[in-house]
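For reference, the structure discussed in these notes is given below.
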Amino acid sequence: MRNHPSILLLLAAAMALAPLLPIGNAQSQPADKPPDSTAAPPAQPVRPQVPITFTRSGRNAVIKNPLTFNRLVKQVALSAFGRTWTEAALSFDKGMNNYQFETTVPAVRVPTVFSVMPTEAPPFELCQIVAYPDQDVTWDKKIVLLAAGVPRWFAEWSEAVGLPVTWVLDNAKIPADLPAIREDQKALLILGRARAGKSYSQLRSLYDENRCNLLVLDAEWGCGSGEPVSLDAARFTGPMAGLAPQRWGDPLRFSRYHYPNRILTNRWPMTNGEVPSIEVFGDLATGPWVSWAGLPWYEQLGRREQADELLLAVLKAASVFKPPAKAPRRARLIFPLEVRYDPRGMAYCPALACLDDKPTQLLADLPCVYIIDLRGDKAPDQDLLSRLLKLPSTLGQDDRILLLGDDKMLDEWKWLNLDRAKKTTDRPGVVWLADDQPWNKTYEIHLMQKLTELGVPLAPPDQEEEKK
């Protein structure tokens with residue numbers, strides 16, 4: 001009987017799924033799937049509530065003093081896919097006065113999540129070990145990764161996947177003590193809370209002379225959000241737009257995210273949404289540029305291959321980011337004539353407060369973005385309509401109009417060609433943000449993004465608001 005090709009394929013697949021590490025003293029029945037296979041991701045991933053360690057298969061893993069290790073737990077073992085993969089190995093270190101679990105991580109062909117569980121009933125999960133195959137990820141050697149003060153999960157994950165990271169000492173002076181970067185190389189300095197400063201302004205002052213871009217994974221100036229966030233490939237934009245054609249099936253779901261607190265600067269989103277979970281800050285033309293990726297990545301790394309691919313893509317995009325070339329423009333307020341907003345009032349918007357409405361001679365000859373802010377209950381000046389009717393005749397080819405809010409007076413400005421049903425205008429060179437809403441973080445972010453698109457420089461103040 002001839003072997004049918006489909007049968008051969010099934011046999012090959014079965015052999016690939018055979019366990020790499022036979023366990024002679026397994027204390028439970030063999031699982032349906034060994035640790036060199038991967039189960040389908042759950043539809044609603046739950047944020048792990050236990051400590052997580054990232055490591056590479058074949059290495060020795062030592063987990064010291066998880067909160068749930070106590071005298072009530074006599075012995076523990078490594079478990080996955082319904083069976084035990086290591087012998088019990090819980091010990092008490094009298095010198096350090098704590099418990100520790102030590103084991104050699106089984107060999108795996110794909111990232112696998114192991115649970116550390118008591119050998120006695122009832123079983124419950126004490127902590128997790130995410131094991132990666134014993135092979136390095138592919139990385140462009142012309143991109144140098146440097147890390148200082150990063151979270152523990154990133155240090156463990158980058159070592160587990162074989163990412164070539166150069167670790168910057170805690171007492172190192174930056175950029176003086178950083179390694180030399182060749183002309184044909186790009187570099188990225190990855191920062192955590194310990195080295196990211198107390199505010200964005202302080203971050204810029206600390207690393208203003210830095211020769212490479214920055215990526216911030218966590219910072220004191222990040223505000224926590226209890227709201228979950230889902231990322232689908234279609235949501236990526238800007239530097240990450242190359243991921244948009246991919247089809248992920250289920251989106252990546254994170255239990256929460258951190259967003260920067262009151263950052264007043266030019267910004268480029270990497271993800272669409274009310275508040276971008278991944279974005280870039282900085283000047284329009286002068287680096288370094290600061291990327292922000294304040295997600296609890298450890299919730300999905302090793303569980304969904306898209307999470308690892310996405311973090312690698314963020315590292316690459318952040319290292320090579322440079323704003324798209326745009327003709328610079330200066331901003332000029334048509335209404336109100338000056339930024340004199342009451343912070344408690346409806347029309348207050350810090351993004352406008354950091355505009356320079358008295359440009360230097362160097363900026364005076366630049367094309368202009370005329371800003372008309374009609375938000376709030378305050379009635380426009382009586383002569384505003386007459387000034388607006390004359391404005392089109394003074395516009396240069398590269399000038400733009402940014403219209404904020406709405407007012408019935410605009411119906412008399414026929415030149416705008418407003419479509420009130422869709423809240424749009426088809427007049428070239430006019431941008432209309434029609435929402436007549438009070439200031440909030442979402443509106444401010446969108447406004448800064450729009451001003452960035454229009455080429456208006458936004459300089460952050462010397463002193464930012466403290467995180468609340």
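Chains: A, B, ... in order of the structure tokens. Residues: from 1 per chain. Ligands: from 1, in order shown.
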
Query raised in the report: Which neighbours of Ala180 in chain A fall inside 12 Å, counting only C-alpha atoms, when residues of the same chain fewer than 5 positions from it are skipped, and could you give them as a ChimeraX atom specification?
Result: /A:144,146,166,174-175,185-187,210-212

Which parts of range 153-303 of chain A does DSSP call helix (DSSP H, G or I) when run on the backbone here, written out as a short mmCIF file (atom, residue, chain, number, x, y, z; two decimals) with N, CA and C atoms, in the first residue's frame?
data_model
loop_
_atom_site.label_atom_id
_atom_site.label_comp_id
_atom_site.auth_asym_id
_atom_site.auth_seq_id
_atom_site.Cartn_x
_atom_site.Cartn_y
_atom_site.Cartn_z
N TRP A 153 11.47 42.11 33.91
CA TRP A 153 10.92 41.24 32.88
C TRP A 153 11.65 41.45 31.55
N PHE A 154 12.03 42.72 31.24
CA PHE A 154 12.70 42.97 29.97
C PHE A 154 14.10 42.37 29.98
N ALA A 155 14.80 42.49 31.10
CA ALA A 155 16.14 41.92 31.20
C ALA A 155 16.09 40.40 31.01
N GLU A 156 15.12 39.76 31.66
CA GLU A 156 14.99 38.30 31.53
C GLU A 156 14.56 37.90 30.12
N TRP A 157 13.58 38.61 29.58
CA TRP A 157 13.06 38.26 28.25
C TRP A 157 14.13 38.43 27.18
N SER A 158 14.85 39.54 27.20
CA SER A 158 15.85 39.80 26.16
C SER A 158 16.96 38.75 26.20
N GLU A 159 17.32 38.29 27.40
CA GLU A 159 18.33 37.23 27.52
C GLU A 159 17.77 35.89 27.06
N ALA A 160 16.49 35.65 27.36
CA ALA A 160 15.88 34.37 26.99
C ALA A 160 15.77 34.21 25.48
N VAL A 161 15.49 35.30 24.77
CA VAL A 161 15.33 35.21 23.31
C VAL A 161 16.65 35.44 22.58
N ARG A 193 12.01 52.84 34.79
CA ARG A 193 11.68 53.87 35.78
C ARG A 193 12.92 54.44 36.47
N ALA A 194 13.92 53.60 36.71
CA ALA A 194 15.09 54.03 37.47
C ALA A 194 15.93 55.08 36.74
N ARG A 195 15.85 55.13 35.40
CA ARG A 195 16.71 56.05 34.65
C ARG A 195 15.93 56.97 33.73
N TYR A 200 9.03 64.35 31.76
CA TYR A 200 9.52 64.30 30.39
C TYR A 200 10.59 65.38 30.16
N SER A 201 10.36 66.56 30.73
CA SER A 201 11.36 67.63 30.58
C SER A 201 12.69 67.22 31.19
N GLN A 202 12.65 66.57 32.35
CA GLN A 202 13.90 66.12 32.96
C GLN A 202 14.56 65.03 32.12
N LEU A 203 13.75 64.15 31.54
CA LEU A 203 14.30 63.14 30.66
C LEU A 203 15.05 63.79 29.50
N ARG A 204 14.43 64.80 28.88
CA ARG A 204 15.09 65.46 27.75
C ARG A 204 16.37 66.16 28.18
N SER A 205 16.35 66.76 29.37
CA SER A 205 17.56 67.44 29.83
C SER A 205 18.67 66.45 30.16
N LEU A 206 18.29 65.26 30.68
CA LEU A 206 19.30 64.25 31.03
C LEU A 206 19.97 63.67 29.79
N ALA A 233 -3.48 44.22 14.59
CA ALA A 233 -2.52 44.68 13.58
C ALA A 233 -3.06 45.89 12.81
N ALA A 234 -4.36 45.93 12.57
CA ALA A 234 -4.94 47.01 11.79
C ALA A 234 -4.82 48.36 12.48
N ARG A 235 -4.56 48.37 13.79
CA ARG A 235 -4.49 49.63 14.54
C ARG A 235 -3.14 50.32 14.44
N GLY A 238 1.81 55.00 11.33
CA GLY A 238 3.09 55.70 11.39
C GLY A 238 4.26 54.74 11.23
N PRO A 239 5.23 54.77 12.15
CA PRO A 239 6.41 53.91 12.03
C PRO A 239 6.08 52.42 12.07
N MET A 240 4.90 52.06 12.58
CA MET A 240 4.52 50.65 12.70
C MET A 240 3.50 50.24 11.65
N ALA A 241 3.27 51.07 10.66
CA ALA A 241 2.23 50.79 9.66
C ALA A 241 2.51 49.51 8.88
N GLY A 242 3.75 49.05 8.86
CA GLY A 242 4.06 47.82 8.15
C GLY A 242 3.38 46.60 8.72
N LEU A 243 2.91 46.67 9.99
CA LEU A 243 2.21 45.54 10.59
C LEU A 243 0.74 45.49 10.22
N TRP A 297 3.95 44.14 29.02
CA TRP A 297 4.30 43.18 27.98
C TRP A 297 4.39 41.75 28.51
N TYR A 298 4.81 41.61 29.77
CA TYR A 298 5.01 40.28 30.34
C TYR A 298 3.72 39.46 30.37
N GLU A 299 2.57 40.11 30.24
CA GLU A 299 1.31 39.36 30.23
C GLU A 299 1.13 38.51 28.98
#

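Taking CA of Lys141 in chain A and CA of Val314 in chain A as the two end points, the separation is 16.2 Å.
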
Query raised in the report: Residues at most 9 Å from Thr103 in chain A, counting only C-alpha atoms, excluding those fewer than 2 positions away in the same chain, as JSON, numbers by chain?
Result: {"A": [59, 60, 61, 62, 63, 77, 78, 86, 87, 88, 89, 101, 105, 106]}

Go ahead and save the residues from that selection, with C-alpha atoms, as a compact mmCIF listing (two decimals), in the first residue's frame.
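Result went into result-v4.txt, see below:
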# COMPACT_ATOMS: atom_id res chain seq x y z
CA ARG A 59 19.19 26.61 31.67
CA ASN A 60 19.05 26.53 35.43
CA ALA A 61 16.21 28.63 36.81
CA VAL A 62 16.18 29.80 40.42
CA ILE A 63 13.09 31.53 41.81
CA ALA A 77 7.46 20.86 40.78
CA LEU A 78 7.31 22.25 37.27
CA THR A 86 10.70 18.17 36.84
CA GLU A 87 11.28 16.54 40.18
CA ALA A 88 10.36 18.41 43.33
CA ALA A 89 13.07 20.93 44.24
CA PHE A 101 12.77 26.78 43.79
CA VAL A 105 14.17 24.16 32.40
CA PRO A 106 12.98 21.43 30.01

Query raised in the report: Using only C-alpha atoms, which residues sit within 9 Å of range 440-453 of chain A once same-chain residues fewer than 2 positions away are excluded, as JSON, numbers by chain?
Result: {"A": [261, 262, 263, 264, 265, 266, 267, 268, 269, 274, 275, 276, 284, 326, 331, 349, 350, 351, 352, 369, 402, 431, 433, 435, 437, 438, 455, 456, 457, 458]}
